[in-house]
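Chemist: Supplied in structure tokens, the structure appears directly below.
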Amino acid sequence: MNQPLLLQSPNQAIDLINFLSRAKKMDEDGVVRFRAFGDVLAVSVAPIFTSSLFADGPTAIGMRTIKLASPTEVDSVVLLGEVLQRLPKAEESLQLELPIDHKPASWTGISAPRNGWEAVVEYSDEQVSEWAKKGIKDVAESLPDSVGGPVAARIRAQIWSRPVDIGLMLPGAAAFAMAGLGFLVKGENVKAYKNKNWLRLSTSYGHVITRESTRIS
């Protein structure tokens, strides 16, 4: 059994409910990773990810951090649905009892850099939102009703791998994750950071981490 996480306020539980509900809409059977070493908890999801670390396709990891009421150590991957069932109780008691660990998805084995990020550019929230909308439209127009699962997955991967900013080789998957997870804030620019072939989009609501696109268009 995982050690309970002690939240600071009911608002933190509500915030997690909203964040993880958005993630579950994007991946119905998805998992969430809780990681803390001290009083800062990182909560990570991946609305888009490849089936293996060696597969050709985009992976976009969305992350929010919250301050815990007491230090703890946890590194656990659990089902989104099971956590959402427990969060209303945490809103009252401020203790979040994590479910038993679930078999990790491929993206949970990715270790993005912690340090060394360099700010490179800023985008308006409207620009990132437009990139996300265009990708969603392209996916809808490219998937006939008769297309099977593996073919559909390949088409989605191709579309979300396309760079929306050629200069940074930023894949559309990052814009989709920023919009879908509720990280875009009206009037707040989205800051882009780079670390070798890693890219990060950040606002006050959260971060999306991905690798550079390897596609030209």
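A note on labels: chains of the structure tokens are A, B, ... as shown, every chain counts residues from 1, and ligands are counted from 1 in their shown order.
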Select from region 99-154 of chain A every residue with an atom at most 10 Å from any atom of region 36-51 of chain A, then for each give the shortest pair of atoms and their distance in Å to one decimal, using only C-alpha atoms, rows by chain and rising number, as a Markdown table.
Modeler:
| residue | atom | partner | partner_atom | distance |
| --- | --- | --- | --- | --- |
| A:Ala105 | CA | A:Ser51 | CA | 7.9 |
| A:Ser106 | CA | A:Ser51 | CA | 6.2 |
| A:Trp107 | CA | A:Phe49 | CA | 6.4 |
| A:Thr108 | CA | A:Ala46 | CA | 8.7 |
| A:Ala153 | CA | A:Thr50 | CA | 9.3 |
| A:Arg154 | CA | A:Thr50 | CA | 9.9 |
Chemist: Which residues are near Gly62 (chain A)? Cut-off 10 Å, only C-alpha atoms, ignore same chain within fewer than 6 positions. Put them as a VMD selection string.
Modeler: chain A and resid 19 23 32 43 to 48 174 177 to 178 180 to 181 183 200 to 202 206 to 210
Chemist: Please report, as a list in words, each residue of region 99-169 of chain A to which DSSP assigns strand (DSSP E or B) when run on this structure's backbone.
Modeler: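 Put together, the selection reads Glu118, Ala119, Val120, Val121, Glu122, Tyr123, Pro163, Val164 and Asp165 of chain A.
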Chemist: So which residues touch Lys191 (chain A) within 8 Å, counting only C-alpha atoms, skipping near sequence neighbours fewer than 6 positions away, as a list in words?
Modeler: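 Returned residues: Ala119, Val120, Val121, Glu122, Tyr123, Leu201, Ser202 and Thr203 of chain A.
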Chemist: Restricting the calculation to only C-alpha atoms, which member of A:Val185, A:Leu168, A:Ala13, A:Val190 is positioned closest to Gln85 (chain A)?
Modeler: A:Ala13
Chemist: Could you pull out the alpha helix (DSSP H) residues of chain A, going by DSSP on the backbone, and write them as a PDB file with N, CA and C atoms, in the first residue's frame?
Modeler:
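Contents of out_4.pdb, freshly written:
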ATOM      1  N   PRO A  10      -8.647  21.751   0.487  1.00  0.00           N
ATOM      2  CA  PRO A  10      -9.631  21.117  -0.404  1.00  0.00           C
ATOM      3  C   PRO A  10      -9.468  21.575  -1.852  1.00  0.00           C
ATOM      4  N   ASN A  11      -8.981  22.805  -2.050  1.00  0.00           N
ATOM      5  CA  ASN A  11      -8.802  23.310  -3.418  1.00  0.00           C
ATOM      6  C   ASN A  11      -7.799  22.478  -4.205  1.00  0.00           C
ATOM      7  N   GLN A  12      -6.818  21.917  -3.519  1.00  0.00           N
ATOM      8  CA  GLN A  12      -5.845  21.061  -4.209  1.00  0.00           C
ATOM      9  C   GLN A  12      -6.522  19.800  -4.744  1.00  0.00           C
ATOM     10  N   ALA A  13      -7.418  19.240  -3.951  1.00  0.00           N
ATOM     11  CA  ALA A  13      -8.155  18.058  -4.406  1.00  0.00           C
ATOM     12  C   ALA A  13      -9.033  18.401  -5.603  1.00  0.00           C
ATOM     13  N   ILE A  14      -9.699  19.555  -5.542  1.00  0.00           N
ATOM     14  CA  ILE A  14     -10.549  19.991  -6.657  1.00  0.00           C
ATOM     15  C   ILE A  14      -9.703  20.210  -7.911  1.00  0.00           C
ATOM     16  N   ASP A  15      -8.526  20.814  -7.727  1.00  0.00           N
ATOM     17  CA  ASP A  15      -7.610  21.058  -8.837  1.00  0.00           C
ATOM     18  C   ASP A  15      -7.176  19.738  -9.483  1.00  0.00           C
ATOM     19  N   LEU A  16      -6.863  18.754  -8.656  1.00  0.00           N
ATOM     20  CA  LEU A  16      -6.462  17.450  -9.178  1.00  0.00           C
ATOM     21  C   LEU A  16      -7.614  16.764  -9.901  1.00  0.00           C
ATOM     22  N   ILE A  17      -8.819  16.900  -9.353  1.00  0.00           N
ATOM     23  CA  ILE A  17      -9.991  16.311 -10.011  1.00  0.00           C
ATOM     24  C   ILE A  17     -10.153  16.890 -11.415  1.00  0.00           C
ATOM     25  N   ASN A  18     -10.041  18.204 -11.540  1.00  0.00           N
ATOM     26  CA  ASN A  18     -10.188  18.852 -12.847  1.00  0.00           C
ATOM     27  C   ASN A  18      -9.089  18.418 -13.814  1.00  0.00           C
ATOM     28  N   PHE A  19      -7.858  18.409 -13.329  1.00  0.00           N
ATOM     29  CA  PHE A  19      -6.718  18.031 -14.165  1.00  0.00           C
ATOM     30  C   PHE A  19      -6.816  16.585 -14.635  1.00  0.00           C
ATOM     31  N   LEU A  20      -7.063  15.673 -13.700  1.00  0.00           N
ATOM     32  CA  LEU A  20      -7.091  14.253 -14.058  1.00  0.00           C
ATOM     33  C   LEU A  20      -8.353  13.895 -14.847  1.00  0.00           C
ATOM     34  N   SER A  21      -9.434  14.626 -14.644  1.00  0.00           N
ATOM     35  CA  SER A  21     -10.643  14.393 -15.450  1.00  0.00           C
ATOM     36  C   SER A  21     -10.383  14.739 -16.912  1.00  0.00           C
ATOM     37  N   ARG A  22      -9.672  15.829 -17.135  1.00  0.00           N
ATOM     38  CA  ARG A  22      -9.301  16.195 -18.504  1.00  0.00           C
ATOM     39  C   ARG A  22      -8.403  15.122 -19.126  1.00  0.00           C
ATOM     40  N   ALA A  23      -7.445  14.633 -18.325  1.00  0.00           N
ATOM     41  CA  ALA A  23      -6.530  13.606 -18.826  1.00  0.00           C
ATOM     42  C   ALA A  23      -7.281  12.328 -19.182  1.00  0.00           C
ATOM     43  N   LYS A  24      -8.269  11.979 -18.372  1.00  0.00           N
ATOM     44  CA  LYS A  24      -9.031  10.746 -18.620  1.00  0.00           C
ATOM     45  C   LYS A  24      -9.890  10.865 -19.878  1.00  0.00           C
ATOM     46  N   LYS A  25     -10.400  12.059 -20.168  1.00  0.00           N
ATOM     47  CA  LYS A  25     -11.155  12.256 -21.399  1.00  0.00           C
ATOM     48  C   LYS A  25     -10.267  12.046 -22.620  1.00  0.00           C
ATOM     49  N   MET A  26      -8.989  12.364 -22.477  1.00  0.00           N
ATOM     50  CA  MET A  26      -8.054  12.222 -23.590  1.00  0.00           C
ATOM     51  C   MET A  26      -7.512  10.804 -23.715  1.00  0.00           C
ATOM     52  N   LEU A  80      -5.885   6.309 -13.770  1.00  0.00           N
ATOM     53  CA  LEU A  80      -6.562   7.588 -13.606  1.00  0.00           C
ATOM     54  C   LEU A  80      -7.944   7.420 -12.966  1.00  0.00           C
ATOM     55  N   GLY A  81      -8.705   6.448 -13.453  1.00  0.00           N
ATOM     56  CA  GLY A  81     -10.060   6.242 -12.952  1.00  0.00           C
ATOM     57  C   GLY A  81     -10.103   5.934 -11.467  1.00  0.00           C
ATOM     58  N   GLU A  82      -9.140   5.153 -10.989  1.00  0.00           N
ATOM     59  CA  GLU A  82      -9.130   4.785  -9.574  1.00  0.00           C
ATOM     60  C   GLU A  82      -8.785   5.984  -8.696  1.00  0.00           C
ATOM     61  N   VAL A  83      -7.885   6.836  -9.160  1.00  0.00           N
ATOM     62  CA  VAL A  83      -7.542   8.033  -8.383  1.00  0.00           C
ATOM     63  C   VAL A  83      -8.735   8.978  -8.320  1.00  0.00           C
ATOM     64  N   LEU A  84      -9.437   9.137  -9.438  1.00  0.00           N
ATOM     65  CA  LEU A  84     -10.588  10.037  -9.474  1.00  0.00           C
ATOM     66  C   LEU A  84     -11.694   9.587  -8.528  1.00  0.00           C
ATOM     67  N   GLN A  85     -11.798   8.286  -8.308  1.00  0.00           N
ATOM     68  CA  GLN A  85     -12.791   7.784  -7.363  1.00  0.00           C
ATOM     69  C   GLN A  85     -12.451   8.153  -5.927  1.00  0.00           C
ATOM     70  N   ARG A  86     -11.181   8.350  -5.637  1.00  0.00           N
ATOM     71  CA  ARG A  86     -10.731   8.609  -4.266  1.00  0.00           C
ATOM     72  C   ARG A  86     -10.596  10.091  -3.941  1.00  0.00           C
ATOM     73  N   LEU A  87     -10.505  10.921  -4.953  1.00  0.00           N
ATOM     74  CA  LEU A  87     -10.259  12.341  -4.714  1.00  0.00           C
ATOM     75  C   LEU A  87     -11.395  13.068  -3.971  1.00  0.00           C
ATOM     76  N   PRO A  88     -12.681  12.741  -4.198  1.00  0.00           N
ATOM     77  CA  PRO A  88     -13.723  13.415  -3.405  1.00  0.00           C
ATOM     78  C   PRO A  88     -13.544  13.200  -1.902  1.00  0.00           C
ATOM     79  N   LYS A  89     -13.080  12.038  -1.479  1.00  0.00           N
ATOM     80  CA  LYS A  89     -12.814  11.796  -0.055  1.00  0.00           C
ATOM     81  C   LYS A  89     -11.633  12.638   0.414  1.00  0.00           C
ATOM     82  N   ALA A  90     -10.632  12.774  -0.467  1.00  0.00           N
ATOM     83  CA  ALA A  90      -9.465  13.585  -0.115  1.00  0.00           C
ATOM     84  C   ALA A  90      -9.843  15.045   0.062  1.00  0.00           C
ATOM     85  N   GLU A  91     -10.873  15.480  -0.662  1.00  0.00           N
ATOM     86  CA  GLU A  91     -11.333  16.858  -0.532  1.00  0.00           C
ATOM     87  C   GLU A  91     -11.817  17.140   0.893  1.00  0.00           C
ATOM     88  N   GLU A  92     -12.332  16.126   1.559  1.00  0.00           N
ATOM     89  CA  GLU A  92     -12.833  16.278   2.929  1.00  0.00           C
ATOM     90  C   GLU A  92     -11.744  16.023   3.961  1.00  0.00           C
ATOM     91  N   SER A  93     -10.973  14.954   3.780  1.00  0.00           N
ATOM     92  CA  SER A  93      -9.979  14.553   4.790  1.00  0.00           C
ATOM     93  C   SER A  93      -8.599  15.138   4.535  1.00  0.00           C
ATOM     94  N   ASP A 125      -1.252  32.329 -26.171  1.00  0.00           N
ATOM     95  CA  ASP A 125      -2.163  31.204 -25.901  1.00  0.00           C
ATOM     96  C   ASP A 125      -3.044  30.931 -27.116  1.00  0.00           C
ATOM     97  N   GLU A 126      -3.398  31.998 -27.867  1.00  0.00           N
ATOM     98  CA  GLU A 126      -4.224  31.812 -29.062  1.00  0.00           C
ATOM     99  C   GLU A 126      -3.498  30.980 -30.119  1.00  0.00           C
ATOM    100  N   GLN A 127      -2.186  31.223 -30.282  1.00  0.00           N
ATOM    101  CA  GLN A 127      -1.417  30.476 -31.275  1.00  0.00           C
ATOM    102  C   GLN A 127      -1.380  28.990 -30.957  1.00  0.00           C
ATOM    103  N   VAL A 128      -1.091  28.663 -29.694  1.00  0.00           N
ATOM    104  CA  VAL A 128      -1.022  27.252 -29.296  1.00  0.00           C
ATOM    105  C   VAL A 128      -2.397  26.598 -29.435  1.00  0.00           C
ATOM    106  N   SER A 129      -3.443  27.325 -29.078  1.00  0.00           N
ATOM    107  CA  SER A 129      -4.803  26.798 -29.215  1.00  0.00           C
ATOM    108  C   SER A 129      -5.136  26.514 -30.679  1.00  0.00           C
ATOM    109  N   GLU A 130      -4.733  27.405 -31.583  1.00  0.00           N
ATOM    110  CA  GLU A 130      -4.982  27.194 -33.012  1.00  0.00           C
ATOM    111  C   GLU A 130      -4.246  25.975 -33.531  1.00  0.00           C
ATOM    112  N   TRP A 131      -3.010  25.773 -33.087  1.00  0.00           N
ATOM    113  CA  TRP A 131      -2.266  24.578 -33.486  1.00  0.00           C
ATOM    114  C   TRP A 131      -3.014  23.312 -33.056  1.00  0.00           C
ATOM    115  N   ALA A 132      -3.519  23.325 -31.833  1.00  0.00           N
ATOM    116  CA  ALA A 132      -4.247  22.159 -31.315  1.00  0.00           C
ATOM    117  C   ALA A 132      -5.517  21.909 -32.129  1.00  0.00           C
ATOM    118  N   LYS A 133      -6.267  22.977 -32.417  1.00  0.00           N
ATOM    119  CA  LYS A 133      -7.518  22.838 -33.178  1.00  0.00           C
ATOM    120  C   LYS A 133      -7.257  22.315 -34.578  1.00  0.00           C
ATOM    121  N   LYS A 134      -6.181  22.808 -35.199  1.00  0.00           N
ATOM    122  CA  LYS A 134      -5.867  22.343 -36.559  1.00  0.00           C
ATOM    123  C   LYS A 134      -5.522  20.857 -36.554  1.00  0.00           C
ATOM    124  N   GLY A 135      -4.751  20.420 -35.553  1.00  0.00           N
ATOM    125  CA  GLY A 135      -4.414  19.002 -35.465  1.00  0.00           C
ATOM    126  C   GLY A 135      -5.643  18.137 -35.269  1.00  0.00           C
ATOM    127  N   ILE A 136      -6.555  18.581 -34.416  1.00  0.00           N
ATOM    128  CA  ILE A 136      -7.790  17.833 -34.179  1.00  0.00           C
ATOM    129  C   ILE A 136      -8.603  17.729 -35.472  1.00  0.00           C
ATOM    130  N   LYS A 137      -8.670  18.834 -36.210  1.00  0.00           N
ATOM    131  CA  LYS A 137      -9.395  18.837 -37.483  1.00  0.00           C
ATOM    132  C   LYS A 137      -8.744  17.893 -38.487  1.00  0.00           C
ATOM    133  N   ASP A 138      -7.418  17.924 -38.565  1.00  0.00           N
ATOM    134  CA  ASP A 138      -6.700  17.055 -39.508  1.00  0.00           C
ATOM    135  C   ASP A 138      -6.911  15.581 -39.166  1.00  0.00           C
ATOM    136  N   VAL A 139      -6.911  15.255 -37.873  1.00  0.00           N
ATOM    137  CA  VAL A 139      -7.153  13.868 -37.456  1.00  0.00           C
ATOM    138  C   VAL A 139      -8.554  13.442 -37.867  1.00  0.00           C
ATOM    139  N   ALA A 140      -9.550  14.291 -37.604  1.00  0.00           N
ATOM    140  CA  ALA A 140     -10.944  13.954 -37.928  1.00  0.00           C
ATOM    141  C   ALA A 140     -11.125  13.758 -39.431  1.00  0.00           C
ATOM    142  N   GLU A 141     -10.492  14.591 -40.227  1.00  0.00           N
ATOM    143  CA  GLU A 141     -10.649  14.501 -41.687  1.00  0.00           C
ATOM    144  C   GLU A 141      -9.858  13.343 -42.283  1.00  0.00           C
ATOM    145  N   SER A 142      -8.881  12.821 -41.552  1.00  0.00           N
ATOM    146  CA  SER A 142      -8.017  11.761 -42.082  1.00  0.00           C
ATOM    147  C   SER A 142      -8.426  10.367 -41.643  1.00  0.00           C
ATOM    148  N   GLY A 149      -8.139   0.015 -35.695  1.00  0.00           N
ATOM    149  CA  GLY A 149      -7.330   0.551 -34.611  1.00  0.00           C
ATOM    150  C   GLY A 149      -5.888   0.833 -34.951  1.00  0.00           C
ATOM    151  N   PRO A 150      -5.122  -0.170 -35.433  1.00  0.00           N
ATOM    152  CA  PRO A 150      -3.708   0.056 -35.731  1.00  0.00           C
ATOM    153  C   PRO A 150      -3.487   1.125 -36.799  1.00  0.00           C
ATOM    154  N   VAL A 151      -4.335   1.138 -37.833  1.00  0.00           N
ATOM    155  CA  VAL A 151      -4.199   2.131 -38.899  1.00  0.00           C
ATOM    156  C   VAL A 151      -4.527   3.518 -38.357  1.00  0.00           C
ATOM    157  N   ALA A 152      -5.582   3.609 -37.552  1.00  0.00           N
ATOM    158  CA  ALA A 152      -5.971   4.888 -36.963  1.00  0.00           C
ATOM    159  C   ALA A 152      -4.864   5.421 -36.070  1.00  0.00           C
ATOM    160  N   ALA A 153      -4.258   4.539 -35.286  1.00  0.00           N
ATOM    161  CA  ALA A 153      -3.181   4.950 -34.388  1.00  0.00           C
ATOM    162  C   ALA A 153      -1.995   5.492 -35.180  1.00  0.00           C
ATOM    163  N   ARG A 154      -1.693   4.856 -36.314  1.00  0.00           N
ATOM    164  CA  ARG A 154      -0.577   5.297 -37.147  1.00  0.00           C
ATOM    165  C   ARG A 154      -0.863   6.671 -37.756  1.00  0.00           C
ATOM    166  N   ILE A 155      -2.093   6.882 -38.205  1.00  0.00           N
ATOM    167  CA  ILE A 155      -2.466   8.178 -38.791  1.00  0.00           C
ATOM    168  C   ILE A 155      -2.380   9.281 -37.742  1.00  0.00           C
ATOM    169  N   ARG A 156      -2.893   9.011 -36.545  1.00  0.00           N
ATOM    170  CA  ARG A 156      -2.820  10.010 -35.464  1.00  0.00           C
ATOM    171  C   ARG A 156      -1.367  10.341 -35.134  1.00  0.00           C
ATOM    172  N   ALA A 157      -0.534   9.311 -35.065  1.00  0.00           N
ATOM    173  CA  ALA A 157       0.875   9.524 -34.740  1.00  0.00           C
ATOM    174  C   ALA A 157       1.555  10.398 -35.786  1.00  0.00           C
ATOM    175  N   GLN A 158       1.229  10.165 -37.057  1.00  0.00           N
ATOM    176  CA  GLN A 158       1.825  10.957 -38.128  1.00  0.00           C
ATOM    177  C   GLN A 158       1.415  12.417 -38.022  1.00  0.00           C
ATOM    178  N   ILE A 159       0.132  12.646 -37.737  1.00  0.00           N
ATOM    179  CA  ILE A 159      -0.365  14.023 -37.660  1.00  0.00           C
ATOM    180  C   ILE A 159       0.195  14.756 -36.450  1.00  0.00           C
ATOM    181  N   TRP A 160       0.184  14.105 -35.292  1.00  0.00           N
ATOM    182  CA  TRP A 160       0.656  14.785 -34.086  1.00  0.00           C
ATOM    183  C   TRP A 160       2.176  14.890 -34.026  1.00  0.00           C
ATOM    184  N   SER A 161       2.868  14.163 -34.893  1.00  0.00           N
ATOM    185  CA  SER A 161       4.326  14.284 -34.971  1.00  0.00           C
ATOM    186  C   SER A 161       4.762  15.486 -35.805  1.00  0.00           C
ATOM    187  N   GLY A 172       3.066  18.854 -32.979  1.00  0.00           N
ATOM    188  CA  GLY A 172       1.707  19.279 -32.672  1.00  0.00           C
ATOM    189  C   GLY A 172       1.154  18.633 -31.424  1.00  0.00           C
ATOM    190  N   ALA A 173       1.682  17.474 -31.057  1.00  0.00           N
ATOM    191  CA  ALA A 173       1.231  16.775 -29.856  1.00  0.00           C
ATOM    192  C   ALA A 173       1.364  17.651 -28.615  1.00  0.00           C
ATOM    193  N   ALA A 174       2.393  18.490 -28.583  1.00  0.00           N
ATOM    194  CA  ALA A 174       2.607  19.356 -27.418  1.00  0.00           C
ATOM    195  C   ALA A 174       1.492  20.386 -27.296  1.00  0.00           C
ATOM    196  N   ALA A 175       1.092  20.976 -28.427  1.00  0.00           N
ATOM    197  CA  ALA A 175      -0.002  21.946 -28.419  1.00  0.00           C
ATOM    198  C   ALA A 175      -1.310  21.280 -28.018  1.00  0.00           C
ATOM    199  N   PHE A 176      -1.552  20.079 -28.535  1.00  0.00           N
ATOM    200  CA  PHE A 176      -2.758  19.327 -28.193  1.00  0.00           C
ATOM    201  C   PHE A 176      -2.833  19.056 -26.694  1.00  0.00           C
ATOM    202  N   ALA A 177      -1.715  18.656 -26.104  1.00  0.00           N
ATOM    203  CA  ALA A 177      -1.685  18.364 -24.674  1.00  0.00           C
ATOM    204  C   ALA A 177      -1.882  19.632 -23.851  1.00  0.00           C
ATOM    205  N   MET A 178      -1.261  20.746 -24.245  1.00  0.00           N
ATOM    206  CA  MET A 178      -1.431  22.002 -23.516  1.00  0.00           C
ATOM    207  C   MET A 178      -2.885  22.430 -23.491  1.00  0.00           C
ATOM    208  N   ALA A 179      -3.551  22.331 -24.625  1.00  0.00           N
ATOM    209  CA  ALA A 179      -4.951  22.744 -24.709  1.00  0.00           C
ATOM    210  C   ALA A 179      -5.861  21.764 -23.982  1.00  0.00           C
ATOM    211  N   GLY A 180      -5.674  20.487 -24.249  1.00  0.00           N
ATOM    212  CA  GLY A 180      -6.562  19.473 -23.690  1.00  0.00           C
ATOM    213  C   GLY A 180      -6.480  19.350 -22.181  1.00  0.00           C
TER     214      GLY A 180
END
Chemist: Of the residues A:Thr59, A:Leu6, A:Asn189, A:Ile166, which is the one nearest to Ile110 (chain A), using only C-alpha atoms?
Modeler: A:Thr59
Chemist: Compare A:Leu5, A:Leu96, A:Leu170, A:Val164 by their minimum atom-to-atom distance to Val74 (chain A), counting only C-alpha atoms, and give me the closest one.
Modeler: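 Nearest to Val74 (chain A): A:Leu5.
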Chemist: Check the smallest atom-to-atom distance from each of A:Pro99, A:Lys67, A:Gly30, A:Leu79 to Ser9 (chain A) using only C-alpha atoms, then report the winner.
Modeler: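 Once distances to Ser9 (chain A) are computed over only C-alpha atoms, the minimum belongs to A:Lys67.
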Chemist: What's around Pro4 (chain A) at 9 Å? Count only C-alpha atoms, leave out sequence neighbours fewer than 4 positions away in its own chain, and write the answer as number ranges by chain.
Modeler: A: 72, 95-98
Chemist: Keeping only N, CA and C atoms, write the selected residues as an mmCIF file, in the first residue's frame.
Modeler:
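What follows is the written file again22.cif:
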data_model
loop_
_atom_site.group_PDB
_atom_site.id
_atom_site.type_symbol
_atom_site.label_atom_id
_atom_site.label_comp_id
_atom_site.auth_asym_id
_atom_site.auth_seq_id
_atom_site.Cartn_x
_atom_site.Cartn_y
_atom_site.Cartn_z
ATOM 1 N N THR A 72 7.022 13.587 1.934
ATOM 2 C CA THR A 72 6.807 12.156 1.739
ATOM 3 C C THR A 72 7.673 11.693 0.573
ATOM 4 N N GLN A 95 -6.434 13.740 2.858
ATOM 5 C CA GLN A 95 -5.528 12.606 2.674
ATOM 6 C C GLN A 95 -5.923 11.839 1.412
ATOM 7 N N LEU A 96 -4.987 11.747 0.483
ATOM 8 C CA LEU A 96 -5.231 10.997 -0.752
ATOM 9 C C LEU A 96 -4.565 9.641 -0.640
ATOM 10 N N GLU A 97 -5.390 8.612 -0.562
ATOM 11 C CA GLU A 97 -4.891 7.234 -0.516
ATOM 12 C C GLU A 97 -4.722 6.750 -1.956
ATOM 13 N N LEU A 98 -3.490 6.537 -2.357
ATOM 14 C CA LEU A 98 -3.247 6.087 -3.725
ATOM 15 C C LEU A 98 -3.581 4.609 -3.869
#
